[in-house]
>>> print(open('start28.csv').read())   # CSV, C-alpha atoms
chain,number,residue,atom,x,y,z
A,655,MET,CA,64.7,87.4,91.5
A,656,LYS,CA,65.7,83.9,92.6
A,657,LYS,CA,68.9,83.0,94.3
A,658,THR,CA,70.2,79.8,95.8
A,659,PHE,CA,72.8,79.8,98.5
A,660,LEU,CA,74.9,76.8,99.4
A,661,ASN,CA,76.6,76.0,102.7
A,662,PRO,CA,79.8,74.1,101.7
A,663,THR,CA,80.2,72.7,105.2
A,664,THR,CA,76.8,71.2,105.6
A,665,ASN,CA,75.9,70.9,101.9
A,666,LYS,CA,72.5,72.5,102.7
A,667,GLN,CA,70.7,74.8,100.3
A,668,TRP,CA,68.8,78.0,101.1
A,669,ARG,CA,66.7,79.7,98.4
A,670,ILE,CA,65.1,83.1,98.2
A,671,GLU,CA,62.7,84.4,95.7
A,672,ILE,CA,61.3,88.0,95.3
A,673,ASP,CA,58.0,88.3,93.5
A,674,GLY,CA,56.8,91.9,93.6
A,675,HIS,CA,56.2,92.7,97.3
A,676,THR,CA,56.4,89.0,98.3
A,677,ILE,CA,59.6,87.3,99.6
A,678,ARG,CA,59.7,83.5,99.7
A,679,THR,CA,62.5,81.5,101.4
A,680,CYS,CA,63.1,77.8,101.7
A,681,LEU,CA,65.8,75.9,103.6
A,682,ASN,CA,66.9,72.6,102.1
A,683,GLY,CA,63.7,71.8,100.3
A,684,GLY,CA,61.6,72.3,103.4
A,685,ARG,CA,58.5,74.5,104.0
A,686,VAL,CA,58.4,77.7,102.0
A,687,LYS,CA,58.2,80.8,104.3
A,688,GLU,CA,56.4,83.7,102.7
A,689,THR,CA,56.8,87.4,103.8
A,690,LEU,CA,54.5,90.1,102.5
A,691,CYS,CA,56.0,93.6,102.3
A,692,ASP,CA,54.4,97.1,102.1
A,693,SER,CA,56.9,98.7,99.8
A,694,ALA,CA,59.9,98.1,97.5
A,695,TYR,CA,62.1,99.6,100.2
A,696,GLN,CA,60.8,97.1,102.7
A,697,VAL,CA,61.4,94.3,100.2
A,698,LYS,CA,65.0,95.3,99.7
A,699,SER,CA,65.6,95.7,103.5
A,700,LYS,CA,64.0,92.4,104.5
A,701,ALA,CA,65.6,90.4,101.7
A,702,ALA,CA,69.0,91.8,102.6
A,703,SER,CA,68.5,90.9,106.2
A,704,ALA,CA,67.4,87.4,105.3
A,705,MET,CA,70.3,86.8,103.0
A,706,MET,CA,72.8,88.2,105.5
A,707,SER,CA,71.4,86.0,108.3
A,708,GLN,CA,72.1,82.9,106.2
A,709,MET,CA,75.5,84.2,105.0
A,710,ARG,CA,76.6,84.6,108.6
A,711,LYS,CA,75.8,80.9,109.1
A,712,GLY,CA,78.2,80.0,106.2
A,713,PHE,CA,75.8,80.1,103.2
A,714,VAL,CA,77.4,81.4,100.0
A,715,TYR,CA,75.8,82.5,96.7
A,716,GLN,CA,77.8,81.7,93.5
A,717,ASN,CA,76.8,82.0,89.9
A,718,PRO,CA,79.7,81.5,87.5
A,719,ASP,CA,77.4,82.2,84.5
A,720,ALA,CA,76.4,85.6,85.7
A,721,ALA,CA,75.7,88.2,83.0
A,722,VAL,CA,77.5,91.6,83.0
A,723,GLY,CA,76.5,93.5,86.1
A,724,GLN,CA,75.0,90.5,87.8
A,725,ALA,CA,76.3,88.9,91.0
A,726,ARG,CA,78.9,86.1,90.6
A,727,CYS,CA,79.3,85.7,94.4
A,728,HIS,CA,78.0,86.9,97.7
A,729,ARG,CA,79.6,85.8,101.0
A,730,PHE,CA,80.0,87.0,104.5
A,731,VAL,CA,83.6,87.7,105.4
A,732,GLY,CA,83.2,89.5,108.8
A,733,LYS,CA,82.6,92.9,110.2
A,734,ASP,CA,85.5,95.2,109.6
A,735,SER,CA,86.4,97.1,112.8
A,736,ASN,CA,88.3,99.9,111.2
A,737,GLY,CA,85.8,100.9,108.5
A,738,PHE,CA,88.3,101.3,105.7
A,739,MET,CA,87.5,98.0,104.0
A,740,PRO,CA,90.8,98.0,102.0
A,741,LEU,CA,90.9,96.0,98.7
A,742,ALA,CA,93.8,95.1,96.5
A,743,ALA,CA,93.0,94.1,92.9
A,744,THR,CA,94.3,94.7,89.5
A,745,PHE,CA,92.8,94.4,86.0
A,746,THR,CA,95.5,92.0,84.9
A,747,ARG,CA,94.4,89.1,87.2
A,748,ASP,CA,91.2,87.7,88.6
A,749,ASP,CA,92.3,87.0,92.1
A,750,PHE,CA,92.1,89.7,94.7
A,751,PHE,CA,92.7,90.5,98.4
A,752,LEU,CA,90.8,92.2,101.2
A,753,THR,CA,91.9,93.0,104.8
A,754,ARG,CA,89.8,93.4,107.9
A,755,VAL,CA,90.5,94.2,111.5
A,756,VAL,CA,89.1,91.5,113.8
A,757,GLY,CA,87.3,92.5,117.0
A,758,ASP,CA,89.1,95.1,119.2
A,759,PHE,CA,92.2,95.0,117.1
A,760,GLU,CA,93.1,91.4,118.3
A,761,ASP,CA,94.1,90.6,114.8
A,762,GLU,CA,94.1,91.8,111.2
A,763,THR,CA,93.3,89.1,108.6
A,764,LEU,CA,94.2,89.2,105.0
A,765,TYR,CA,91.9,87.2,102.7
A,766,HIS,CA,93.0,85.9,99.3
A,767,PHE,CA,90.1,85.2,96.8
A,768,ASP,CA,90.0,83.6,93.4
A,769,GLY,CA,88.0,84.9,90.4
A,770,SER,CA,84.9,83.0,91.5
A,771,GLY,CA,84.9,84.4,95.1
A,772,GLU,CA,86.3,81.3,96.7
A,773,ILE,CA,88.7,81.9,99.6
A,774,LEU,CA,92.1,80.6,98.6
A,775,GLU,CA,93.9,81.5,101.8
A,776,THR,CA,93.6,83.6,105.0
A,777,VAL,CA,96.7,85.1,106.7
A,778,SER,CA,97.0,86.6,110.1
A,779,LEU,CA,98.9,89.9,109.9
A,780,GLY,CA,99.0,90.4,113.7
A,781,ALA,CA,97.4,92.4,116.4
A,782,LYS,CA,97.0,96.2,116.8
A,783,ARG,CA,97.2,97.0,113.1
A,784,MET,CA,95.0,99.1,110.9
A,785,THR,CA,95.5,98.9,107.1
A,786,TYR,CA,94.0,102.0,105.5
A,787,GLU,CA,94.7,101.0,101.9
A,788,GLN,CA,96.6,98.3,100.0
A,789,VAL,CA,97.7,97.8,96.4
A,790,LEU,CA,98.7,94.7,94.5
A,791,CYS,CA,102.0,94.8,92.6
A,792,PRO,CA,103.1,92.5,89.8
A,793,ASN,CA,106.1,91.1,91.8
A,794,ASP,CA,103.8,89.0,94.1
A,795,THR,CA,103.7,91.6,96.8
A,796,LEU,CA,101.2,93.8,98.4
A,797,LEU,CA,102.0,97.3,99.5
A,798,LEU,CA,100.1,98.2,102.7
A,799,ASN,CA,99.5,101.5,104.4
A,800,ASN,CA,99.4,100.4,108.0
A,801,SER,CA,98.5,103.4,110.1
A,802,TYR,CA,100.6,105.6,107.7
A,803,LEU,CA,103.5,103.2,107.8
A,804,LEU,CA,104.2,101.7,104.3
A,805,GLU,CA,104.9,98.0,104.4
A,806,GLN,CA,105.6,95.3,101.9
A,807,PHE,CA,103.9,91.9,102.2
A,808,SER,CA,105.2,89.0,100.3
A,809,LEU,CA,102.5,86.7,98.9
A,810,ARG,CA,105.1,83.9,98.7
A,811,THR,CA,106.7,84.1,102.2
A,812,HIS,CA,104.0,86.1,104.1
A,813,GLU,CA,106.8,88.2,105.4
A,814,ILE,CA,106.0,91.9,106.3
A,815,THR,CA,108.8,94.4,106.0
A,816,PRO,CA,108.9,98.2,106.4
A,817,PHE,CA,108.8,100.0,103.1
A,818,ALA,CA,109.9,103.5,102.1
A,819,ASN,CA,108.9,105.7,105.1
A,820,LYS,CA,109.2,106.1,108.9
A,821,LYS,CA,106.6,105.0,111.3
A,822,ASN,CA,103.9,107.5,112.4
A,823,SER,CA,104.9,110.1,110.0
A,824,MET,CA,101.2,110.6,109.3
A,825,LYS,CA,102.1,111.5,105.8
A,826,THR,CA,101.8,109.0,103.0
A,827,MET,CA,100.1,108.3,99.7
A,828,LEU,CA,99.7,105.0,97.9
A,829,ASP,CA,98.3,104.0,94.6
A,830,ALA,CA,98.9,101.5,91.8
A,831,SER,CA,98.1,101.2,88.1
A,832,GLY,CA,99.3,98.4,85.9
A,833,ASP,CA,102.9,97.7,86.8
A,834,LEU,CA,103.4,101.1,88.4
A,835,ALA,CA,103.1,102.0,92.1
A,836,LEU,CA,103.2,105.4,93.6
A,837,TRP,CA,104.1,106.3,97.2
A,838,TYR,CA,105.4,109.1,99.4
A,839,THR,CA,108.3,108.6,101.7
A,840,GLY,CA,107.6,111.7,103.8
A,841,GLU,CA,110.1,113.6,101.7
A,842,GLU,CA,109.7,112.4,98.2
A,843,ILE,CA,107.0,111.0,95.9
A,844,VAL,CA,108.2,108.0,94.0
A,845,VAL,CA,106.7,106.2,91.0
A,846,PHE,CA,108.2,102.7,90.5
A,847,ASP,CA,107.7,100.1,87.7
A,848,PHE,CA,107.6,96.7,89.4
A,849,GLY,CA,107.3,95.0,86.1
A,850,SER,CA,110.7,96.1,84.9
A,851,ASN,CA,112.1,96.9,88.4
A,852,THR,CA,113.0,100.5,87.5
A,853,GLU,CA,112.2,103.8,89.0
A,854,VAL,CA,110.1,106.0,86.7
A,855,TRP,CA,109.9,109.3,88.5
A,856,ARG,CA,110.9,110.9,91.8
A,857,GLU,CA,110.1,114.4,93.2
A,858,THR,CA,111.1,116.1,96.5
A,859,VAL,CA,108.0,117.6,98.1
A,860,LYS,CA,106.9,118.8,101.5
A,861,CYS,CA,103.4,117.9,102.6
A,862,LYS,CA,101.8,120.6,104.7
A,863,LYS,CA,99.6,120.1,107.7
A,864,SER,CA,95.9,120.6,107.0
A,865,LYS,CA,93.5,123.0,108.7
A,866,ASN,CA,90.7,120.8,107.4
A,867,PRO,CA,89.4,118.4,110.1
A,868,ASN,CA,88.9,115.7,107.6
A,869,PHE,CA,92.7,115.4,107.1
A,870,ALA,CA,95.8,115.4,109.2
A,871,TYR,CA,97.8,116.3,106.1
A,872,TYR,CA,97.0,117.3,102.5
A,873,CYS,CA,98.8,114.3,101.1
A,874,PHE,CA,97.2,112.5,98.2
A,875,GLY,CA,98.5,110.9,95.0
A,876,MET,CA,97.2,108.8,92.2
A,877,LEU,CA,98.3,107.2,88.9
A,878,SER,CA,96.3,107.4,85.6
A,879,PRO,CA,94.6,104.3,84.1
A,880,ARG,CA,97.1,104.1,81.2
A,881,GLN,CA,100.1,104.8,83.4
A,882,SER,CA,101.2,107.9,81.6
A,883,LYS,CA,100.3,110.5,84.3
A,884,ALA,CA,100.4,111.0,88.0
A,885,ALA,CA,98.5,113.6,90.1
A,886,TYR,CA,99.4,114.7,93.6
A,887,ARG,CA,98.3,117.2,96.2
A,888,VAL,CA,100.5,118.4,99.0
A,889,THR,CA,98.8,121.8,99.6
A,890,GLU,CA,95.2,122.7,100.1
A,891,GLY,CA,94.8,124.8,97.0
A,892,GLU,CA,96.2,122.8,94.1
A,893,TYR,CA,96.9,119.5,92.3
A,894,VAL,CA,100.0,118.9,90.3
A,895,LEU,CA,99.7,116.7,87.2
A,896,VAL,CA,102.9,115.1,86.0
A,897,ASP,CA,103.7,113.5,82.6
A,898,LEU,CA,105.7,110.4,83.6
A,899,LYS,CA,107.7,110.3,80.3
A,900,SER,CA,108.6,114.0,79.9
A,901,ALA,CA,108.4,115.0,83.6
A,902,GLN,CA,106.4,118.0,82.5
A,903,LYS,CA,104.1,119.4,85.2
A,904,VAL,CA,100.9,121.5,85.1
A,905,VAL,CA,99.1,122.9,88.1
A,906,ILE,CA,95.3,123.0,88.5
A,907,PRO,CA,93.2,124.5,91.3
A,908,ASN,CA,91.8,122.1,93.9
A,909,GLU,CA,88.2,123.2,94.1
A,910,GLY,CA,86.6,120.1,95.6
A,911,TRP,CA,87.0,116.4,96.4
A,912,HIS,CA,87.0,113.0,94.7
A,913,PRO,CA,89.6,113.3,91.9
A,914,PHE,CA,89.9,110.8,89.1
A,915,PHE,CA,91.4,110.5,85.6
A,916,SER,CA,89.5,109.8,82.4
A,917,PRO,CA,90.1,106.3,80.9
A,918,ASP,CA,92.3,107.8,78.1
A,919,ASP,CA,94.5,109.8,80.6
A,920,GLN,CA,93.7,113.0,78.7
A,921,CYS,CA,91.5,114.6,81.4
A,922,PHE,CA,91.6,114.9,85.2
A,923,SER,CA,88.6,115.7,87.3
A,924,VAL,CA,88.2,117.1,90.8
A,925,GLY,CA,85.2,118.7,92.4
A,926,GLY,CA,83.1,117.9,89.4
A,927,LYS,CA,85.3,119.9,87.0
A,928,PHE,CA,87.5,118.6,84.2
A,929,TYR,CA,91.0,119.7,83.1
A,930,MET,CA,93.2,118.7,80.2
A,931,THR,CA,96.2,116.8,81.6
A,932,GLN,CA,98.6,118.2,79.1
A,933,THR,CA,97.8,121.9,79.5
A,934,GLY,CA,95.8,122.2,82.7
A,935,GLU,CA,93.0,124.1,80.9
A,936,GLU,CA,89.5,123.6,82.1
A,937,THR,CA,87.3,121.6,79.7
A,938,THR,CA,83.9,120.0,79.4
A,939,THR,CA,83.3,116.5,80.5
A,940,PRO,CA,84.5,113.8,78.1
A,941,LEU,CA,82.3,111.2,79.8
A,942,PRO,CA,78.8,110.0,78.7
A,943,PHE,CA,77.4,110.7,82.2
A,944,PRO,CA,77.3,113.8,84.3
A,945,VAL,CA,79.6,114.2,87.3
A,946,ARG,CA,78.1,116.0,90.3
A,947,HIS,CA,79.6,119.3,91.5
A,948,GLY,CA,79.9,120.4,95.1
A,949,LEU,CA,80.4,117.1,96.8
A,950,SER,CA,81.9,117.3,100.3
A,951,PHE,CA,84.6,115.1,101.6
A,952,SER,CA,82.0,112.9,103.5
A,953,ASP,CA,80.0,112.4,100.3
A,954,THR,CA,80.5,109.0,98.7
A,955,CYS,CA,82.0,109.4,95.2
A,956,ILE,CA,84.2,106.6,93.9
A,957,VAL,CA,85.3,106.1,90.4
A,958,ARG,CA,87.2,103.0,89.2
A,959,THR,CA,88.5,102.4,85.6
A,960,ARG,CA,89.4,99.3,83.6
A,961,GLY,CA,90.1,100.0,79.9
A,962,SER,CA,86.9,101.7,78.6
A,963,LEU,CA,84.9,100.5,81.6
A,964,MET,CA,84.1,102.9,84.5
A,965,ALA,CA,82.4,102.0,87.7
A,966,VAL,CA,80.9,105.1,89.3
A,967,GLN,CA,79.1,105.7,92.6
A,968,GLN,CA,78.2,109.4,93.0
A,969,ASP,CA,75.8,109.6,95.9
A,970,ARG,CA,75.8,109.0,99.6
A,971,GLY,CA,75.5,105.6,101.4
A,972,SER,CA,74.1,102.6,99.6
A,973,SER,CA,73.4,104.3,96.3
A,974,PRO,CA,73.8,102.1,93.2
A,975,ILE,CA,77.1,101.7,91.2
A,976,GLU,CA,76.8,102.4,87.5
A,977,LEU,CA,78.9,100.5,85.1
A,978,TRP,CA,79.6,102.5,81.9
A,979,ASP,CA,81.4,101.7,78.6
A,980,THR,CA,82.9,105.0,77.8
A,981,SER,CA,83.9,103.9,74.2
A,982,SER,CA,80.3,103.4,73.3
A,983,GLY,CA,78.7,105.8,75.8
A,984,GLN,CA,76.5,103.0,77.0
A,985,LEU,CA,75.3,102.3,80.6
A,986,LEU,CA,75.9,98.5,80.8
A,987,ALA,CA,74.5,97.9,84.2
A,988,THR,CA,73.3,99.4,87.5
A,989,ILE,CA,74.6,97.5,90.5
A,990,ASP,CA,72.5,97.8,93.6
A,991,ASP,CA,74.3,95.6,96.1
A,992,PRO,CA,72.1,94.6,99.0
A,993,PHE,CA,74.8,94.5,101.6
A,994,VAL,CA,75.8,98.1,101.8
A,995,VAL,CA,74.7,100.1,104.9
A,996,ARG,CA,76.6,103.4,104.7
A,997,GLN,CA,79.7,102.8,102.5
A,998,VAL,CA,81.4,100.4,100.1
A,999,ASN,CA,84.8,100.0,98.6
A,1000,PHE,CA,85.1,98.5,95.1
A,1001,ALA,CA,87.7,97.6,92.5
A,1002,PHE,CA,88.0,96.0,89.1
A,1003,THR,CA,89.6,92.6,88.6
A,1004,LYS,CA,90.3,91.2,85.1
A,1005,SER,CA,86.7,90.0,84.6
A,1006,GLY,CA,84.8,91.4,87.6
A,1007,LEU,CA,84.0,94.2,90.0
A,1008,VAL,CA,84.6,93.2,93.6
A,1009,LEU,CA,82.8,95.0,96.5
A,1010,HIS,CA,83.7,95.1,100.2
A,1011,THR,CA,80.9,96.5,102.2
A,1012,ASP,CA,80.5,97.8,105.8
A,1013,TYR,CA,77.9,95.0,106.3
A,1014,GLY,CA,80.9,92.6,106.4
A,1015,ALA,CA,80.1,91.1,103.0
A,1016,MET,CA,82.1,90.5,99.8
A,1017,SER,CA,80.3,90.6,96.5
A,1018,LEU,CA,81.7,89.9,93.1
A,1019,TYR,CA,79.9,91.2,89.9
A,1020,SER,CA,80.6,90.0,86.4
A,1021,CYS,CA,82.3,92.5,84.0
A,1022,ASP,CA,83.5,89.9,81.6
A,1023,LEU,CA,82.9,91.5,78.2
>>> encode(input="start28.csv", output="structure tokens")
Amino acid sequence: MKKTFLNPTTNKQWRIEIDGHTIRTCLNGGRVKETLCDSAYQVKSKAASAMMSQMRKGFVYQNPDAAVGQARCHRFVGKDSNGFMPLAATFTRDDFFLTRVVGDFEDETLYHFDGSGEILETVSLGAKRMTYEQVLCPNDTLLLNNSYLLEQFSLRTHEITPFANKKNSMKTMLDASGDLALWYTGEEIVVFDFGSNTEVWRETVKCKKSKNPNFAYYCFGMLSPRQSKAAYRVTEGEYVLVDLKSAQKVVIPNEGWHPFFSPDDQCFSVGGKFYMTQTGEETTTPLPFPVRHGLSFSDTCIVRTRGSLMAVQQDRGSSPIELWDTSSGQLLATIDDPFVVRQVNFAFTKSGLVLHTDYGAMSLYSCDL
């Protein structure tokens, strides 16, 4: 492996090369520093530390010609004080957003990136904020879950306005897929089409308080990749699947964590089991890879979908992310990002997969098929 990092401020270059158990680094054409390692694990650890050290000084790695599954960009953004590492991206555009809490909640900063990983803009959102999650809507707005208060942020005016629910209700859900967005007001779940500015579906529900220490409430909701279905949980024992055209509902048991839809919207998975979205009947996996059973809430299991592409991380911590093409059943790439310590958040853009890590780094991998 060879990578060249550039500091755009000083125009200096820093290079790193990994050759077996040997790491070679060179700053701006100077003396080559060689480090011998005892194992592959030590190589990975020392290389990551060396790259992060330079990234903290302003060096950025960019490779616009990266092959599928290869890094297009690595840059240090800053340590996120809240640990949620929220991303906002959509498969219809290449730019994306991430938010991080600065210091001891002195500020929360929103970063706007282009498709090559360049920072287009940074915006101060203010002090004493904690954005748990955010979604990008097609009307040039971000919906933010700021400490369970839903807010709308205008990308044009940078104005933040309250949205849909009351402060400190501790009950909210937020998701987006295509032009659709889903949220919970504290009394109703709403699915709205921001492309046509029309309401798609609304349901009055009461979210119950949880006895599980991992949650304050049972609230959770998500939209399917093709925008035909929604799934929500407001009690401990079950998920409700909704057909957004017919409003038909089916109920399935909640026997685990980490729910997701199949790319064609026909199956819903939770706890490693699969159910038909039209009937609720349990079925075998339609995917070309196994899905682990028995994962706990604290286990890392993230699944993201773009068309027939699925990015899957099934194990704890810094385990690799597999990029699958479900239409062909092929494993396209295994992404082993060097800057993940315990957890990572990732999302598809139009041509890439962006990662926000607890090491404070942003990585962008090519998925331009």
>>> residues_around(input="start28.csv", residues="Pro913 of chain A", least_positions_apart="3", cutoff="8 Å", atoms="only C-alpha atoms", output="MDAnalysis selection string")
chainID A and resid 922:925
>>> residues_around(input="start28.csv", residues="segment 892-896 of chain A", least_positions_apart="3", cutoff="10 Å", atoms="all atoms listed in the file", output="PyMOL selection string")
chain A and resi 855+874-877+882-889+899-909+913+922+924+930-934
>>> closest_residue(input="start28.csv", among="A:Leu752, A:Met824, A:Val994, A:Val957", to="Tyr765 of chain A", atoms="all atoms listed in the file")
A:Leu752
>>> residues_around(input="start28.csv", residues="segment 713-723 of chain A", least_positions_apart="2", cutoff="8 Å", atoms="only C-alpha atoms", output="NGL selection string")
:A and (657-662 or 667-668 or 708-711 or 725-730 or 770-771 or 977 or 986-989 or 1019-1023)
>>> write_last_selection(input="start28.csv", atoms="C-alpha atoms", output="mmCIF file, in the coordinates of the input")
data_model
loop_
_atom_site.group_PDB
_atom_site.id
_atom_site.type_symbol
_atom_site.label_atom_id
_atom_site.label_comp_id
_atom_site.auth_asym_id
_atom_site.auth_seq_id
_atom_site.Cartn_x
_atom_site.Cartn_y
_atom_site.Cartn_z
ATOM 1 C CA LYS A 657 68.900 83.000 94.300
ATOM 2 C CA THR A 658 70.200 79.800 95.800
ATOM 3 C CA PHE A 659 72.800 79.800 98.500
ATOM 4 C CA LEU A 660 74.900 76.800 99.400
ATOM 5 C CA ASN A 661 76.600 76.000 102.700
ATOM 6 C CA PRO A 662 79.800 74.100 101.700
ATOM 7 C CA GLN A 667 70.700 74.800 100.300
ATOM 8 C CA TRP A 668 68.800 78.000 101.100
ATOM 9 C CA GLN A 708 72.100 82.900 106.200
ATOM 10 C CA MET A 709 75.500 84.200 105.000
ATOM 11 C CA ARG A 710 76.600 84.600 108.600
ATOM 12 C CA LYS A 711 75.800 80.900 109.100
ATOM 13 C CA ALA A 725 76.300 88.900 91.000
ATOM 14 C CA ARG A 726 78.900 86.100 90.600
ATOM 15 C CA CYS A 727 79.300 85.700 94.400
ATOM 16 C CA HIS A 728 78.000 86.900 97.700
ATOM 17 C CA ARG A 729 79.600 85.800 101.000
ATOM 18 C CA PHE A 730 80.000 87.000 104.500
ATOM 19 C CA SER A 770 84.900 83.000 91.500
ATOM 20 C CA GLY A 771 84.900 84.400 95.100
ATOM 21 C CA LEU A 977 78.900 100.500 85.100
ATOM 22 C CA LEU A 986 75.900 98.500 80.800
ATOM 23 C CA ALA A 987 74.500 97.900 84.200
ATOM 24 C CA THR A 988 73.300 99.400 87.500
ATOM 25 C CA ILE A 989 74.600 97.500 90.500
ATOM 26 C CA TYR A 1019 79.900 91.200 89.900
ATOM 27 C CA SER A 1020 80.600 90.000 86.400
ATOM 28 C CA CYS A 1021 82.300 92.500 84.000
ATOM 29 C CA ASP A 1022 83.500 89.900 81.600
ATOM 30 C CA LEU A 1023 82.900 91.500 78.200
#
>>> residues_around(input="start28.csv", residues="Phe817 of chain A", least_positions_apart="5", cutoff="6 Å", atoms="only C-alpha atoms", output="list in words")
Leu804, Glu805 and Gln806 of chain A
>>> write_last_selection(input="start28.csv", atoms="C-alpha atoms", output="mmCIF file, in the coordinates of the input")
data_model
loop_
_atom_site.group_PDB
_atom_site.id
_atom_site.type_symbol
_atom_site.label_atom_id
_atom_site.label_comp_id
_atom_site.auth_asym_id
_atom_site.auth_seq_id
_atom_site.Cartn_x
_atom_site.Cartn_y
_atom_site.Cartn_z
ATOM 1 C CA LEU A 804 104.200 101.700 104.300
ATOM 2 C CA GLU A 805 104.900 98.000 104.400
ATOM 3 C CA GLN A 806 105.600 95.300 101.900
#
>>> residues_around(input="start28.csv", residues="segment 683-691 of chain A", least_positions_apart="5", cutoff="10 Å", atoms="only C-alpha atoms", output="list in words")
Lys666, Gln667, Trp668, Arg669, Ile670, Glu671, Ile672, Asp673, Gly674, His675, Thr676, Ile677, Arg678, Gln696, Val697, Lys698, Ser699, Lys700 and Ala701 of chain A
>>> residues_near_point(input="start28.csv", point="(106.6, 96.4, 86.5)", cutoff="12 Å", atoms="all atoms listed in the file", output="VMD selection string")
chain A and resid 790 to 795 830 to 836 845 to 854 881
>>> write_last_selection(input="start28.csv", atoms="C-alpha atoms", output="PDB file, in the frame of the given file")
ATOM      1  CA  LEU A 790      98.700  94.700  94.500  1.00  0.00           C
ATOM      2  CA  CYS A 791     102.000  94.800  92.600  1.00  0.00           C
ATOM      3  CA  PRO A 792     103.100  92.500  89.800  1.00  0.00           C
ATOM      4  CA  ASN A 793     106.100  91.100  91.800  1.00  0.00           C
ATOM      5  CA  ASP A 794     103.800  89.000  94.100  1.00  0.00           C
ATOM      6  CA  THR A 795     103.700  91.600  96.800  1.00  0.00           C
ATOM      7  CA  ALA A 830      98.900 101.500  91.800  1.00  0.00           C
ATOM      8  CA  SER A 831      98.100 101.200  88.100  1.00  0.00           C
ATOM      9  CA  GLY A 832      99.300  98.400  85.900  1.00  0.00           C
ATOM     10  CA  ASP A 833     102.900  97.700  86.800  1.00  0.00           C
ATOM     11  CA  LEU A 834     103.400 101.100  88.400  1.00  0.00           C
ATOM     12  CA  ALA A 835     103.100 102.000  92.100  1.00  0.00           C
ATOM     13  CA  LEU A 836     103.200 105.400  93.600  1.00  0.00           C
ATOM     14  CA  VAL A 845     106.700 106.200  91.000  1.00  0.00           C
ATOM     15  CA  PHE A 846     108.200 102.700  90.500  1.00  0.00           C
ATOM     16  CA  ASP A 847     107.700 100.100  87.700  1.00  0.00           C
ATOM     17  CA  PHE A 848     107.600  96.700  89.400  1.00  0.00           C
ATOM     18  CA  GLY A 849     107.300  95.000  86.100  1.00  0.00           C
ATOM     19  CA  SER A 850     110.700  96.100  84.900  1.00  0.00           C
ATOM     20  CA  ASN A 851     112.100  96.900  88.400  1.00  0.00           C
ATOM     21  CA  THR A 852     113.000 100.500  87.500  1.00  0.00           C
ATOM     22  CA  GLU A 853     112.200 103.800  89.000  1.00  0.00           C
ATOM     23  CA  VAL A 854     110.100 106.000  86.700  1.00  0.00           C
ATOM     24  CA  GLN A 881     100.100 104.800  83.400  1.00  0.00           C
TER      25      GLN A 881
END
>>> closest_residue(input="start28.csv", among="A:Ser962, A:Glu813, A:Ser950, A:Leu898", to="Ser916 of chain A", atoms="all atoms listed in the file")
A:Ser962
>>> atom_distance(input="start28.csv", atom1="atom CA of Asn819 of chain A", atom2="atom CA of Asp749 of chain A")
28.2 Å
>>> atom_distance(input="start28.csv", atom1="atom CA of Pro867 of chain A", atom2="atom CA of Ile956 of chain A")
20.7 Å
>>> atom_distance(input="start28.csv", atom1="atom CA of Asn868 of chain A", atom2="atom CA of Phe807 of chain A")
28.6 Å
>>> residues_near_point(input="start28.csv", point="(96.8, 98.9, 96.4)", cutoff="7 Å", atoms="all atoms listed in the file", output="list in words")
Leu741, Ala742, Glu787, Gln788, Val789, Leu790, Leu797, Leu828, Asp829 and Ala830 of chain A
>>> build_atoms(input="start28.csv", residues="segment 809-815 of chain A", atoms="N, CA, C and O atoms", output="tab-separated table (two decimals), in the coordinates of the input")
chain	number	residue	atom	x	y	z
A	809	LEU	N	103.57	87.74	99.04
A	809	LEU	CA	102.50	86.70	98.90
A	809	LEU	C	103.14	85.31	98.93
A	809	LEU	O	102.43	84.33	99.19
A	810	ARG	N	104.42	85.19	98.71
A	810	ARG	CA	105.10	83.90	98.70
A	810	ARG	C	105.50	83.48	100.13
A	810	ARG	O	105.27	82.35	100.56
A	811	THR	N	106.14	84.41	100.86
A	811	THR	CA	106.70	84.10	102.20
A	811	THR	C	105.83	84.56	103.33
A	811	THR	O	106.06	84.17	104.47
A	812	HIS	N	104.87	85.45	103.06
A	812	HIS	CA	104.00	86.10	104.10
A	812	HIS	C	104.81	86.98	105.01
A	812	HIS	O	104.32	87.34	106.09
A	813	GLU	N	105.98	87.36	104.61
A	813	GLU	CA	106.80	88.20	105.40
A	813	GLU	C	106.39	89.69	105.22
A	813	GLU	O	106.15	90.13	104.11
A	814	ILE	N	106.31	90.42	106.34
A	814	ILE	CA	106.00	91.90	106.30
A	814	ILE	C	107.26	92.63	106.63
A	814	ILE	O	107.89	92.39	107.66
A	815	THR	N	107.62	93.56	105.77
A	815	THR	CA	108.80	94.40	106.00
A	815	THR	C	108.48	95.84	105.82
A	815	THR	O	107.64	96.21	105.00
